[in-house]
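Below is one structure; the comments refer to it alone.
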Amino acid sequence: MVTAKNPILSGFYPDPSICRVGEDYYLVTSSFVYAPGVPIFHSRDLAHWEQIGNILDRPSQLCVENEEISRGIFAPTIRYHEGTFYMITTNVSHGGNFIVTAQDPAGPWSDPYYLGEEAVGIDPSLFFDDDGRCYYCGTRPNPEGVRYNGDWEIWIQELDLGTMKLKGRSMAIWKGAVKGCIWPEGPHIYKINGYYYLMHAEGGTGPEHSITIARSTELFKWFEGCPRNPIFTHRNLGMDYPVIYAGHGDLVDDINGNWYVVMLASRPCKKHSSMGRETFIAKTIWENEWPVIAPGIGHLEDTVDIPLEECRFIDEISENDFITFCEAKPDKRLVGIGKRNESFYSLKENPGVLRLYTNKEQITDLGTSAFLGLRQKGYEFSVKTAVRFIPQSDNETAGLVLFQNNENHLRAEITMEAGRLVFVVTTHIKGTDKKIAVADIMEYSNTEKNPLWNICMICKEQEASIWIGTAEKSVKVAEKISLLPYTTEEAGGFVGCTVGMYASSNGSNSDNYADFSYIMLTQ
């Protein structure tokens, strides 16, 4: 017996999809414009997980540059069939729905097979029937005309695995359980005891989010809904409940015939969500050939007992991250905005540190800036980094950023002002910069030409304090900074916060750089 702690993936890991291969479980989540895209995780007990890679880890797979952070890669599905892993997803910024494949889930994964204009809509899934034939299942706007926002339907069509193209006729099989349903999305098909089951989300990905299910004895036939739909939701618990927005699930069984569902949900603080949507797990049983999620409970639990033998990993996902830069590639947990490549960083020029170049690109603009960050995983945490940086002008900056999107973020940067070395804390809310603290730090560097600066951001209950110093002396520069502007409720979109290292020349020509020794995020 092992106990899973919810969420099983803390931080911005939405739209989870899962599959089992023997005793091994593989799980993927949406990544939107962050790069690398579609992180993939492995477990053998559904409680402890290791990140084994990122499926979309090169430019030929991931075209999301110069896009708003909540566009890009939506709702991946992972499936396994006869020795091959398949991941299907939507790039809403470029190309639409596509498939990548791999023999090893850790990669490498193939370049995308784009399904073309025939595969209209978003949130695709694959289903392999008993005869080996493969079917595409997705969601699309009402072909007769969208009557209201979210008037979509779920449809299927056969997929030719040889050509990776849809073939035959397409057919709508479901429009949602609730009359006037909005946003039926994230559909998954399963065949269990002679029935084809269609599980999907509806109600939008906010307070009315839910999981519903329908079934049929034939694929190309209108499905019937479960009389208990929605079979899972937190919409009736109110916005003060500790876990909200629950929905978008995927079913999986274990080797003993027990069933579970992974789903997204959010944990708010002061009625605001900074981590976006995270991945949770719940037990599932079957009654009258319909699934019952969290039986006897009816909501997500803090812990779930799972009758599997515990299996731990050396590089297990946890609420704490400590990353150094001794490897040839950046740690798989570090993400960039739009891309993560050597146009803005180097691990070779000064081995053992991460060098970020002060390029023209700014984090206030759409597009790729010199930023590498980690997902925020809680509401009481500290993030620390150490950097060597000598700005050559008032335009050059380097430091830490708590990032929700290009129009809403918090920066803590070393820079120059009128020839003086300073540390500046800036709120950027709804596209507007506001300096809230400026500290003269020239005196700290008198004893060393290029000191190692320690920058620390301590966050608790949606407020932050920020520190700067050297090994000899540190000072609190700002405190009681509200973090509410950097939440989904205030900033909009589908992502959670990341916090990371940043450098820029803010539009000026520069050949400067900042060398970061580590980044550490602790709860």
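By order of appearance in the structure tokens: chains A, B, ..., then residues from 1 within every chain, and ligands from 1 in the order shown.
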> Near region 130-138 of chain A, counting only C-alpha atoms, which residues have an atom at most 9 Å away, once you skip same-chain residues fewer than 4 positions from it, shown as a PyMOL selection string?
Replying inline: chain A and resi 81-82+119-126+153-161+166+185-189+191
Could you write out the selected residues, including C-alpha atoms, as a CSV table (one decimal), in the first residue's frame?
```
chain,number,residue,atom,x,y,z
A,81,HIS,CA,-0.2,0.6,-28.9
A,82,GLU,CA,1.9,-2.3,-30.0
A,119,ALA,CA,-8.9,17.7,-38.0
A,120,VAL,CA,-10.7,20.9,-37.0
A,121,GLY,CA,-11.0,21.9,-33.4
A,122,ILE,CA,-8.9,21.3,-30.3
A,123,ASP,CA,-8.2,18.7,-27.5
A,124,PRO,CA,-7.7,15.6,-29.7
A,125,SER,CA,-7.4,12.1,-28.3
A,126,LEU,CA,-6.6,8.7,-29.8
A,153,GLU,CA,-19.4,19.1,-30.1
A,154,ILE,CA,-17.3,15.9,-29.8
A,155,TRP,CA,-16.7,14.0,-32.9
A,156,ILE,CA,-14.7,10.9,-34.2
A,157,GLN,CA,-13.1,9.7,-37.3
A,158,GLU,CA,-10.8,6.9,-38.2
A,159,LEU,CA,-7.0,7.6,-38.4
A,160,ASP,CA,-4.8,5.8,-40.9
A,161,LEU,CA,-1.6,5.1,-38.9
A,166,LEU,CA,-7.9,11.0,-41.1
A,185,GLU,CA,-13.6,19.3,-24.3
A,186,GLY,CA,-10.7,17.0,-23.4
A,187,PRO,CA,-12.6,13.9,-24.7
A,188,HIS,CA,-11.2,10.4,-24.1
A,189,ILE,CA,-12.6,7.1,-25.3
A,191,LYS,CA,-13.6,0.3,-24.3
```
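Of the listed residues A:Leu9, A:Val21, A:Met239, A:Ile244, the one whose atoms come nearest to Lys271 (chain A) is A:Met239, with distances taken using only C-alpha atoms.
Each of A:Asn454, A:Ser382, A:Ser465, A:Ser504 was checked against Ala398 (chain A) using only C-alpha atoms; the smallest atom-to-atom distance is that of A:Ser504.
With CA of Asn149 (chain A) on one side and CA of His200 (chain A) on the other, the separation reads 18.0 Å.
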> If you count only C-alpha atoms, which residues fall within 9 Å of Asp45 (chain A), apart from same-chain ones fewer than 5 positions away, as an MDAnalysis selection string?
Replying inline: chainID A and resid 2 4 23:25 254 306:312
Write a file of the selected residues as a short mmCIF file (atom, residue, chain, number, x, y, z; two decimals), in the first residue's frame, keeping C-alpha atoms.
```cif
data_model
loop_
_atom_site.label_atom_id
_atom_site.label_comp_id
_atom_site.auth_asym_id
_atom_site.auth_seq_id
_atom_site.Cartn_x
_atom_site.Cartn_y
_atom_site.Cartn_z
CA VAL A 2 1.19 3.49 -0.87
CA ALA A 4 -0.54 9.51 -2.84
CA GLU A 23 3.39 -1.86 -14.37
CA ASP A 24 4.52 1.55 -15.62
CA TYR A 25 2.40 4.71 -15.82
CA ASP A 254 -3.77 -0.81 -12.40
CA ILE A 306 -3.37 3.04 -3.47
CA PRO A 307 -2.93 -0.76 -3.19
CA LEU A 308 0.39 -0.86 -5.05
CA GLU A 309 3.92 -1.44 -3.84
CA GLU A 310 5.77 1.80 -3.19
CA CYS A 311 8.35 2.75 -5.82
CA ARG A 312 10.65 5.76 -5.30
#
```
With only C-alpha atoms counted and 7 Å as the cut-off, give the residues of region 343-438 of chain A in contact with region 514-523 of chain A, each with its shortest interatomic distance in Å and the pair that gives it, as JSON lines.
```
{"residue": "A:Val353", "atom": "CA", "partner": "A:Ser517", "partner_atom": "CA", "distance": 4.9}
{"residue": "A:Leu354", "atom": "CA", "partner": "A:Phe516", "partner_atom": "CA", "distance": 5.0}
{"residue": "A:Arg355", "atom": "CA", "partner": "A:Asp515", "partner_atom": "CA", "distance": 4.5}
{"residue": "A:Leu356", "atom": "CA", "partner": "A:Ala514", "partner_atom": "CA", "distance": 5.3}
{"residue": "A:Tyr357", "atom": "CA", "partner": "A:Ala514", "partner_atom": "CA", "distance": 6.4}
{"residue": "A:Gly378", "atom": "CA", "partner": "A:Gln523", "partner_atom": "CA", "distance": 6.9}
{"residue": "A:Glu380", "atom": "CA", "partner": "A:Gln523", "partner_atom": "CA", "distance": 5.9}
{"residue": "A:Phe381", "atom": "CA", "partner": "A:Gln523", "partner_atom": "CA", "distance": 4.3}
{"residue": "A:Ser382", "atom": "CA", "partner": "A:Thr522", "partner_atom": "CA", "distance": 5.5}
{"residue": "A:Val383", "atom": "CA", "partner": "A:Leu521", "partner_atom": "CA", "distance": 4.4}
{"residue": "A:Lys384", "atom": "CA", "partner": "A:Met520", "partner_atom": "CA", "distance": 5.2}
{"residue": "A:Thr385", "atom": "CA", "partner": "A:Ile519", "partner_atom": "CA", "distance": 4.6}
{"residue": "A:Ala386", "atom": "CA", "partner": "A:Ser517", "partner_atom": "CA", "distance": 5.4}
{"residue": "A:Val387", "atom": "CA", "partner": "A:Phe516", "partner_atom": "CA", "distance": 4.3}
{"residue": "A:Arg388", "atom": "CA", "partner": "A:Asp515", "partner_atom": "CA", "distance": 5.2}
{"residue": "A:Phe389", "atom": "CA", "partner": "A:Ala514", "partner_atom": "CA", "distance": 4.8}
{"residue": "A:Ala398", "atom": "CA", "partner": "A:Ala514", "partner_atom": "CA", "distance": 6.5}
```
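With only C-alpha atoms as the basis for measurement, A:Lys473 is the residue among A:Lys360, A:Lys430, A:Lys5, A:Lys473 that approaches Pro451 (chain A) most closely.
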> Near Ile8 (chain A), counting only C-alpha atoms, which residues have an atom at most 12 Å away, once you skip same-chain residues fewer than 5 positions from it, shown as a ChimeraX atom specification?
Replying inline: /A:3,13-14,16,27,41-43,45-50,261-265,277-282,300-304,316-319,377
> Skipping near chain neighbours, those fewer than 5 positions away, what residues fall within 10 Å of Ile88 (chain A) using only C-alpha atoms, listed as a list in words?
Replying inline: Phe74, Ala75, Pro76, Thr77, Ile78, Arg79, Asn97, Phe98, Ile99, Val100, Thr101, Pro112, Tyr113, Tyr114, Asp123, Pro124, Ser125, Leu126 and Tyr136 of chain A
How would the residues just chosen look if you wrote them out with all heavy atoms as a short mmCIF file (atom, residue, chain, number, x, y, z; two decimals), in the first residue's frame?
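As a result, out28.cif now contains:
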```
data_model
loop_
_atom_site.label_atom_id
_atom_site.label_comp_id
_atom_site.auth_asym_id
_atom_site.auth_seq_id
_atom_site.Cartn_x
_atom_site.Cartn_y
_atom_site.Cartn_z
N PHE A 74 -2.09 22.83 -26.30
CA PHE A 74 -3.29 22.55 -25.50
C PHE A 74 -3.49 21.04 -25.34
O PHE A 74 -3.40 20.29 -26.31
CB PHE A 74 -4.55 23.10 -26.19
CG PHE A 74 -4.79 24.58 -26.02
CD1 PHE A 74 -3.77 25.46 -25.78
CD2 PHE A 74 -6.08 25.09 -26.13
CE1 PHE A 74 -4.01 26.82 -25.63
CE2 PHE A 74 -6.33 26.45 -25.98
CZ PHE A 74 -5.29 27.32 -25.73
N ALA A 75 -3.82 20.61 -24.14
CA ALA A 75 -4.45 19.32 -23.82
C ALA A 75 -3.89 18.12 -24.58
O ALA A 75 -4.55 17.55 -25.44
CB ALA A 75 -5.95 19.42 -24.07
N PRO A 76 -2.67 17.68 -24.25
CA PRO A 76 -2.14 16.48 -24.90
C PRO A 76 -2.80 15.21 -24.38
O PRO A 76 -3.29 15.17 -23.25
CB PRO A 76 -0.65 16.52 -24.51
CG PRO A 76 -0.66 17.18 -23.16
CD PRO A 76 -1.74 18.22 -23.24
N THR A 77 -2.79 14.19 -25.21
CA THR A 77 -3.20 12.84 -24.80
C THR A 77 -2.07 11.88 -25.12
O THR A 77 -1.48 11.94 -26.20
CB THR A 77 -4.47 12.39 -25.53
OG1 THR A 77 -5.57 13.21 -25.15
CG2 THR A 77 -4.81 10.93 -25.20
N ILE A 78 -1.74 10.99 -24.18
CA ILE A 78 -0.71 9.97 -24.40
C ILE A 78 -1.37 8.60 -24.42
O ILE A 78 -2.21 8.27 -23.59
CB ILE A 78 0.40 10.03 -23.33
CG1 ILE A 78 1.53 9.07 -23.71
CG2 ILE A 78 -0.12 9.79 -21.93
CD1 ILE A 78 2.80 9.24 -22.91
N ARG A 79 -0.99 7.80 -25.42
CA ARG A 79 -1.49 6.43 -25.55
C ARG A 79 -0.36 5.54 -26.05
O ARG A 79 0.63 6.01 -26.61
CB ARG A 79 -2.68 6.37 -26.53
CG ARG A 79 -3.93 7.11 -26.04
CD ARG A 79 -4.52 6.44 -24.82
NE ARG A 79 -5.76 7.06 -24.36
CZ ARG A 79 -5.85 7.86 -23.31
NH1 ARG A 79 -4.75 8.18 -22.62
NH2 ARG A 79 -7.02 8.35 -22.93
N ASN A 97 -3.82 20.44 -34.95
CA ASN A 97 -3.67 19.15 -34.29
C ASN A 97 -2.58 18.31 -34.94
O ASN A 97 -2.48 18.24 -36.17
CB ASN A 97 -5.00 18.40 -34.33
CG ASN A 97 -6.07 19.10 -33.50
OD1 ASN A 97 -5.84 19.42 -32.34
ND2 ASN A 97 -7.21 19.37 -34.11
N PHE A 98 -1.76 17.65 -34.10
CA PHE A 98 -0.67 16.84 -34.63
C PHE A 98 -0.36 15.70 -33.67
O PHE A 98 -0.76 15.71 -32.50
CB PHE A 98 0.58 17.68 -34.89
CG PHE A 98 1.26 18.23 -33.66
CD1 PHE A 98 2.25 17.50 -33.00
CD2 PHE A 98 0.92 19.47 -33.15
CE1 PHE A 98 2.89 18.00 -31.88
CE2 PHE A 98 1.56 19.99 -32.03
CZ PHE A 98 2.54 19.25 -31.39
N ILE A 99 0.39 14.72 -34.20
CA ILE A 99 0.81 13.53 -33.46
C ILE A 99 2.33 13.44 -33.51
O ILE A 99 2.94 13.73 -34.53
CB ILE A 99 0.20 12.26 -34.08
CG1 ILE A 99 -1.33 12.29 -34.01
CG2 ILE A 99 0.73 11.00 -33.39
CD1 ILE A 99 -2.00 11.20 -34.84
N VAL A 100 2.94 13.04 -32.40
CA VAL A 100 4.34 12.61 -32.39
C VAL A 100 4.39 11.21 -31.79
O VAL A 100 3.52 10.82 -31.00
CB VAL A 100 5.25 13.57 -31.60
CG1 VAL A 100 5.37 14.91 -32.32
CG2 VAL A 100 4.74 13.79 -30.18
N THR A 101 5.41 10.45 -32.16
CA THR A 101 5.52 9.06 -31.71
C THR A 101 6.93 8.79 -31.18
O THR A 101 7.89 9.51 -31.48
CB THR A 101 5.24 8.08 -32.86
OG1 THR A 101 6.24 8.25 -33.89
CG2 THR A 101 3.85 8.32 -33.45
N PRO A 112 6.44 16.35 -35.78
CA PRO A 112 4.98 16.27 -35.81
C PRO A 112 4.41 15.74 -37.13
O PRO A 112 4.92 16.06 -38.21
CB PRO A 112 4.54 17.73 -35.59
CG PRO A 112 5.70 18.39 -34.95
CD PRO A 112 6.91 17.73 -35.53
N TYR A 113 3.38 14.95 -37.01
CA TYR A 113 2.52 14.60 -38.13
C TYR A 113 1.27 15.48 -38.00
O TYR A 113 0.39 15.22 -37.18
CB TYR A 113 2.12 13.13 -38.09
CG TYR A 113 3.27 12.15 -38.16
CD1 TYR A 113 3.81 11.61 -36.99
CD2 TYR A 113 3.81 11.76 -39.38
CE1 TYR A 113 4.87 10.70 -37.04
CE2 TYR A 113 4.87 10.85 -39.44
CZ TYR A 113 5.39 10.33 -38.26
OH TYR A 113 6.43 9.43 -38.32
N TYR A 114 1.21 16.54 -38.79
CA TYR A 114 0.05 17.43 -38.72
C TYR A 114 -1.12 16.80 -39.46
O TYR A 114 -0.98 16.26 -40.56
CB TYR A 114 0.39 18.79 -39.32
CG TYR A 114 1.31 19.61 -38.44
CD1 TYR A 114 2.68 19.67 -38.69
CD2 TYR A 114 0.80 20.30 -37.34
CE1 TYR A 114 3.52 20.42 -37.88
CE2 TYR A 114 1.64 21.04 -36.52
CZ TYR A 114 3.00 21.09 -36.79
OH TYR A 114 3.82 21.82 -35.99
N ASP A 123 -8.11 19.76 -28.52
CA ASP A 123 -8.18 18.70 -27.51
C ASP A 123 -8.36 17.31 -28.11
O ASP A 123 -9.26 16.56 -27.72
CB ASP A 123 -9.31 18.98 -26.51
CG ASP A 123 -9.04 20.15 -25.61
OD1 ASP A 123 -8.07 20.88 -25.86
OD2 ASP A 123 -9.80 20.34 -24.64
N PRO A 124 -7.51 16.90 -29.04
CA PRO A 124 -7.68 15.59 -29.66
C PRO A 124 -7.23 14.45 -28.75
O PRO A 124 -6.42 14.62 -27.86
CB PRO A 124 -6.80 15.67 -30.90
CG PRO A 124 -5.69 16.59 -30.46
CD PRO A 124 -6.34 17.62 -29.57
N SER A 125 -7.78 13.28 -29.03
CA SER A 125 -7.40 12.06 -28.32
C SER A 125 -7.36 10.92 -29.32
O SER A 125 -7.95 11.02 -30.42
CB SER A 125 -8.42 11.76 -27.21
OG SER A 125 -8.05 10.61 -26.47
N LEU A 126 -6.66 9.85 -28.98
CA LEU A 126 -6.63 8.66 -29.82
C LEU A 126 -7.23 7.48 -29.07
O LEU A 126 -7.04 7.34 -27.86
CB LEU A 126 -5.19 8.32 -30.22
CG LEU A 126 -4.46 9.32 -31.11
CD1 LEU A 126 -3.03 8.84 -31.38
CD2 LEU A 126 -5.20 9.55 -32.43
N TYR A 136 -9.55 8.93 -34.12
CA TYR A 136 -9.35 10.28 -33.61
C TYR A 136 -10.64 10.74 -32.94
O TYR A 136 -11.73 10.54 -33.48
CB TYR A 136 -9.00 11.20 -34.77
CG TYR A 136 -8.93 12.67 -34.46
CD1 TYR A 136 -7.71 13.31 -34.27
CD2 TYR A 136 -10.08 13.45 -34.39
CE1 TYR A 136 -7.64 14.66 -34.01
CE2 TYR A 136 -10.02 14.81 -34.13
CZ TYR A 136 -8.80 15.41 -33.94
OH TYR A 136 -8.74 16.76 -33.68
#
```
> Which one of A:Pro7, A:Pro108, A:Pro207, A:Gly225 sits closest to Tyr245 (chain A) if you count only C-alpha atoms?
Replying inline: A:Pro207
> Of the residues A:Ile323, A:Tyr241, A:Arg333, A:Thr233, which is the one nearest to Val38 (chain A), using only C-alpha atoms?
Replying inline: A:Arg333
